[in-house]
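Student: Below: one structure in structure tokens.
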Amino acid sequence: MGTAACRGELYFKKLSSKKQVMEKNGNNRKLRVCVATCNRADYSKLAPIMFGIKTEPAFFELDVVVLGSHLIDDYGLRVINTYRMIEQDDFDINTRLHTIVRGEDEAAMVESVGLALVKLPDVLNRLKPDIMIVHGDRFDALALATSAALMNIRILHIEGGEVSGTIDDSIRHAITKLAHYHVCCTRSAEQHLISMCEDHDRILLAGCPSYDKLLSAKNKDYMSIIRMWLGDDVKCKDYIVALQHPVTTDIKHSIKMFELTLDALISFNKRTLVLFPNIDAGSKEMVRVMRKKGIEHHPNFRAVKHVPFDQFIQLVAHAGCMIGNSSCGVREVGAFGTPVINLGTRQIGRETGENVLHVRDADTQDKILQALHLQFGKQYPCSKIYGDGNAVPRILKFLKSIDLQEPLQKKFCFPPVKENISQDIDHILETLSALAVDLGGTNLRVAIVSMKGEIVKKYSQFNPKTYEERISLILQMCVEAAAEAVKLNCRILGVGGRVNPQEGVVLHSTKLIQEWNSVDLRTPLSDTLHLPVWVDNDGNCAAMAERKFGQGKGQENFVTLITGTGIGGGIIHQHELIHGSSFCAAELGHLVVSLDGPDCSCGSHGCIEAYASGMALQREAKKLHDEDLLLVEGMSVPKDEAVGALHLIQAAKLGNVKAQSILRTAGTALGLGVVNILHTVNPSLVILSGVLASHYIHIVKDVIRQQALASVQDVDVVVSDLADPALLGAASMVLDYTTRRIR
């Protein structure tokens with residue numbers, strides 16, 4: 001069983017104790033439920049609920065309203081209207097509403113919504129339902145939800161919180177805002193609803209109702225169904241089901257994509273069942289494409305307007321592949337492990353199982369044909385992302401728990417927002433600031449940084465050796481800085497070690513900073529300051545500082561190397577910071593430039609940091625000093641002062657040959673690392689940053705001229721002109737996020 005399937009089973013198993021049924025909740029009569037269905041697709045989700053309601057007449061009265069494309073017979077096909085299948089399921093249809101305005105553009109969809117809004121009030125006044133069940137994200141459903149909301153009828157919305165890639169997203173979320181109760185299918189959808197400020201107590205994670213039928217469907221006789229729709233000579237797993245709809249936000253492109261799909265299917269030369277598209281704007285043009293290519297008369301194709309859901313299940317369950325952009329491809333078909341090719345952007349945000357291959361830029365016939373070759377005939381693990389087959393019992397319990405005595409007015413669960421206590425212009429300007437934290441190998445620094453990259457105030461303390469002392473000092477300094485920035489909305493970003501920026505956790509630190517592995521920086525800072533926190537390492541922050549404030553501004557691809565106590569780096573590729581799969585990208589100080597070089601703080605040896613960092617230079621300076629080879633005329637080191645990198649640099653400037661040799665070796669190691677970077681990521685610019693950058697720049701350029709391939713020797717290598725790149729970078733990510741200015 002696949003990971004997604006296991007995950008799906010686990011979270012649905014947790015639901016049994018979540019929603020408890022109240023004993024009819026003080027309601028002294030049956031709950032009158034109106035189910036409104038607009039098309040063949042939403043009926044497949046609503047029918048299981050309708051059957052469930054019908055089996056409990058002691059609790060419910062069911063009214064069925066049919067509208068939308070159920071009542072049209074389009075494209076000139078001799079096919080019964082799809083509302084007939086509702087009657088065949090033995091449901092009494094209380095009302096039929098003709099609401100579709102014929103047309104081929106977006107205006108027809110708008111007019112259809114308007115027509116539905118005109119007709120629905122009379123129906124709802126007559127039926128007087130306690131609750132209306134509305135499914136999904138179609139424009140007809142928006143008309144239903146709008147009418148019910150304005151007429152003070154409670155709305156239960158099925159499949160809210162999901163994400164796709166068209167106007168359906170906007171409609172779905174608009175219905176969510178109108179609905180009083182929500183039945184969602186996945187954990188992510190539930191979280192989206194909560195993020196949209198919906199009341200958690202009115203959200204039920206039930207799974208998709210259609211899965212109740214899907215997961216028990218595969219044992220039925222299917223070969224007779226396959227032969228009926230595709231011919232007597234067709235074998236199981238040796239045919240394709242194609243279902244593609246227009247994308248109303250880009251009709252021209254979706255028609256072109258449909259044409260390419262048909263060309264690819266013709267070339268692939270397998271028996272194919274093609275279902276006609278829905279009635280959205282652009283659908284008739286797609287039908288013209290089908291007829292232009294002779295699909296209805298092609299020996300390999302069967303073109304149909306509608307297949308009953310029970311039979312459709314069998315067809316997709318035993319197909320060699322399904323292709324198109326229908327939601328059933330990324331949702332229902334996963335229950336069978338049937339390979340799916342999802343074309344274009346119509347379902348771009350949907351959760352999918354491993355059976356789905358996305359072809360988002362389906363702009364060539366060859367690309368679609370290659371996808372068919374990759375997917376056809378495979379068998380994937382069955383996915384239960386969208387349900388476990390027990391949605392309807394949960395929904396019925398949820399319906400019974402609705403208390404009609406509760407106030408009808410919706411309440412939204414907004415997150416707390418700080419009151420804006422000042423409208424003074426200084427306050428407004430000051431809020432565009434950030435509180436930045438730099439945890440270095442030697443010092444711990446905190447600064448208030450303005451939107452323009454100006455450091456308003458900076459605090460610095462020696463970095464303690466133990467975790468407890470260090471975290472305590474960080475919090476103390478941040479609280480002090482926040483107090484200085486009274487009434488500022490300062491955003492905090494902490495820096496240290498190798499960091500998982502999604503979770504704010506230091507994954508690993510070198511020996512430069514002791515007791516600093518798997519440390520959660522974000523939580524204590526956020527809890528103490530009550531502000532959002534972003535975390536990254538100093539090298540990445542230096543790169544972000546250059547991108548926003550420095551010489552990397554406007555550059556598409558560049559690399560930053562920061563020289564200090566250690567050596568860090570950051571890579572900007574196509575204007576974006578590269579973190580890597582385990583947040584270890586751009587650990588440039590630990591590029592190995594010698595197999596037998598000195599030991600490095602990371603545990604390896606021969607790294608750039610082992611040669612060119614401030615710590616490495618300090619090590620060499622001490623060796624020279626211990627051998628009385630460091631000091632030259634004009635130099636002295638007080639007894640109470642530790643020998644460090646600056647003394648080595650001073651000695652080299654005053655003519656100390658051994659000190660000059662050490663610096664040349666360090667610069668060469670750094671230069672070799674830069675050459676490796678040029679050969680790997682090919683940036684247009686390399687920025688050297690930090691206190692040692694100016695001492696290395698000329699040596700690095702010499703190494704590039706001597707060692708690099710000719711095609712990268714002309715790369716620009718510059719010294720950063722930013723005073724505090726780590727602090728500015730920490731601030732830049734905060735300011736970018738909070739002002740929504742990514743570049």
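Each chain in the structure tokens gets a letter, A, B, ..., in the order shown, and its residues are numbered from 1; ligands are numbered from 1 in order too.
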Could you list, as a list of chain:residue names, every residue within 7 Å of segment 564-580 of chain A, counting only C-alpha atoms and ignoring same-chain residues fewer than 4 positions away?
Tutor: A:Gly441, A:Thr442, A:Asp538, A:Gly539, A:Asn540, A:Ala542, A:Ala543, A:Glu556, A:Asn557, A:Phe558, A:Val559, A:Thr560, A:Cys584, A:Ala585, A:Ala586, A:Glu587, A:Leu588, A:Gly589, A:Glu609, A:Ser613, A:Gly614, A:Met615, A:Gly690, A:Val691, A:Leu692
Student: Those residues with C-alpha atoms, as a short mmCIF file (atom, residue, chain, number, x, y, z; two decimals), in the first residue's frame please?
Tutor:
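Writing done, so here's part.cif:
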data_model
loop_
_atom_site.label_atom_id
_atom_site.label_comp_id
_atom_site.auth_asym_id
_atom_site.auth_seq_id
_atom_site.Cartn_x
_atom_site.Cartn_y
_atom_site.Cartn_z
CA GLY A 441 30.85 31.90 15.96
CA THR A 442 32.23 34.67 18.20
CA ASP A 538 24.31 33.59 7.88
CA GLY A 539 25.44 32.62 4.38
CA ASN A 540 21.91 32.55 3.03
CA ALA A 542 24.20 37.43 3.22
CA ALA A 543 22.91 36.37 -0.21
CA GLU A 556 19.33 36.70 -11.78
CA ASN A 557 22.13 34.32 -10.75
CA PHE A 558 24.88 35.05 -8.25
CA VAL A 559 26.79 33.50 -5.35
CA THR A 560 27.83 35.09 -2.07
CA CYS A 584 22.23 22.03 3.12
CA ALA A 585 22.73 23.93 -0.15
CA ALA A 586 25.48 26.57 -0.28
CA GLU A 587 27.53 25.19 2.63
CA LEU A 588 30.38 26.54 0.56
CA GLY A 589 32.84 26.72 3.43
CA GLU A 609 36.96 26.89 6.10
CA SER A 613 38.29 31.29 7.89
CA GLY A 614 39.19 33.66 10.70
CA MET A 615 39.52 30.64 12.97
CA GLY A 690 32.90 39.72 5.51
CA VAL A 691 36.00 41.07 7.23
CA LEU A 692 38.50 39.01 5.22
#
Student: Mind the document's chain letters and residue numbers, and return as a PyMOL selection string the residues of segment 128-245 of chain A that DSSP labels strand (DSSP E or B).
Tutor: chain A and resi 131-135+154-158+181-184+203-205+239-243
Student: Can you tell me, as a ChimeraX atom specification, what residues are no more than 7 Å from segment 229-242 of chain A when counting only C-alpha atoms, ignoring any on the same chain fewer than 3 positions away?
Tutor: /A:225-226,270-275,302,316,318-324,377
Student: Got time to write the residues from that selection, C-alpha atoms, as a PDB file, in the first residue's frame?
Tutor:
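And here is the file that came out, result-v1.pdb:
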ATOM      1  CA  ILE A 225     -19.817  -2.743 -19.285  1.00  0.00           C
ATOM      2  CA  ILE A 226     -16.497  -2.358 -21.092  1.00  0.00           C
ATOM      3  CA  LYS A 270      -5.572   2.541 -28.576  1.00  0.00           C
ATOM      4  CA  ARG A 271      -9.342   2.240 -28.192  1.00  0.00           C
ATOM      5  CA  THR A 272     -10.484   5.372 -26.389  1.00  0.00           C
ATOM      6  CA  LEU A 273     -13.742   6.412 -24.740  1.00  0.00           C
ATOM      7  CA  VAL A 274     -14.059  10.203 -25.075  1.00  0.00           C
ATOM      8  CA  LEU A 275     -16.648  11.930 -22.888  1.00  0.00           C
ATOM      9  CA  ARG A 302     -16.248   6.093 -28.850  1.00  0.00           C
ATOM     10  CA  VAL A 316     -11.983   3.911 -15.169  1.00  0.00           C
ATOM     11  CA  HIS A 318     -10.141  -1.215 -15.485  1.00  0.00           C
ATOM     12  CA  ALA A 319      -8.728   1.300 -17.987  1.00  0.00           C
ATOM     13  CA  GLY A 320      -5.122   1.256 -19.081  1.00  0.00           C
ATOM     14  CA  CYS A 321      -5.046   4.982 -18.461  1.00  0.00           C
ATOM     15  CA  MET A 322      -7.239   8.053 -17.968  1.00  0.00           C
ATOM     16  CA  ILE A 323      -6.280  11.359 -19.565  1.00  0.00           C
ATOM     17  CA  GLY A 324      -7.692  14.883 -19.331  1.00  0.00           C
ATOM     18  CA  GLY A 377      -0.885  -0.100 -18.628  1.00  0.00           C
TER      19      GLY A 377
END
Student: Do you know which residues are at most 8 Å from Pro121 of chain A counting only C-alpha atoms, after dropping those on the same chain fewer than 3 positions away, and could you put them as an MDAnalysis selection string?
Tutor: chainID A and resid 117:118 124:125 147 151
Student: For a quick check of understanding, using only C-alpha atoms, which of A:Thr680, A:Asn152, A:Gln461, A:Thr37 has the smallest distance to Arg96 of chain A?
Tutor: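 Going through A:Thr680, A:Asn152, A:Gln461, A:Thr37 one by one, the smallest distance to Arg96 of chain A is for A:Thr37.
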Student: Skip Val289 of chain A itself and residues of its chain fewer than 4 positions away, then list as a ChimeraX atom specification all residues within 12 Å of it, counting only C-alpha atoms.
Tutor: /A:254-263,276-277,282-285,293-296
Student: Please provide as a list in words all residues within 7 Å of Leu444 of chain A, with the sequence filter that same-chain residues fewer than 5 positions apart are discarded (counting only C-alpha atoms).
Tutor: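 What passes the distance filter is Asp438, Leu439, Ser460, Gln461, Phe462 and Asn463 of chain A.
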Student: Pick out the closest residue to Thr352 of chain A from this set: A:Gly329, A:Gly644, A:Pro48, A:Gly667. Count only C-alpha atoms.
Tutor: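 Result for the nearest residue to Thr352 of chain A: A:Gly329.
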Student: Which of segment 487-681 of chain A counts as helix (DSSP H, G or I) under DSSP, as an NGL selection string please?
Tutor: :A and (522-529 or 538-548 or 588-590 or 608-612 or 614-626 or 645-653 or 657-681)
Student: Figure out the distance between atom CA of Tyr696 of chain A and atom CA of His590 of chain A, please, to one decimal in Å.
Tutor: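 Going from atom CA of His590 of chain A over to atom CA of Tyr696 of chain A, I get 17.4 Å.
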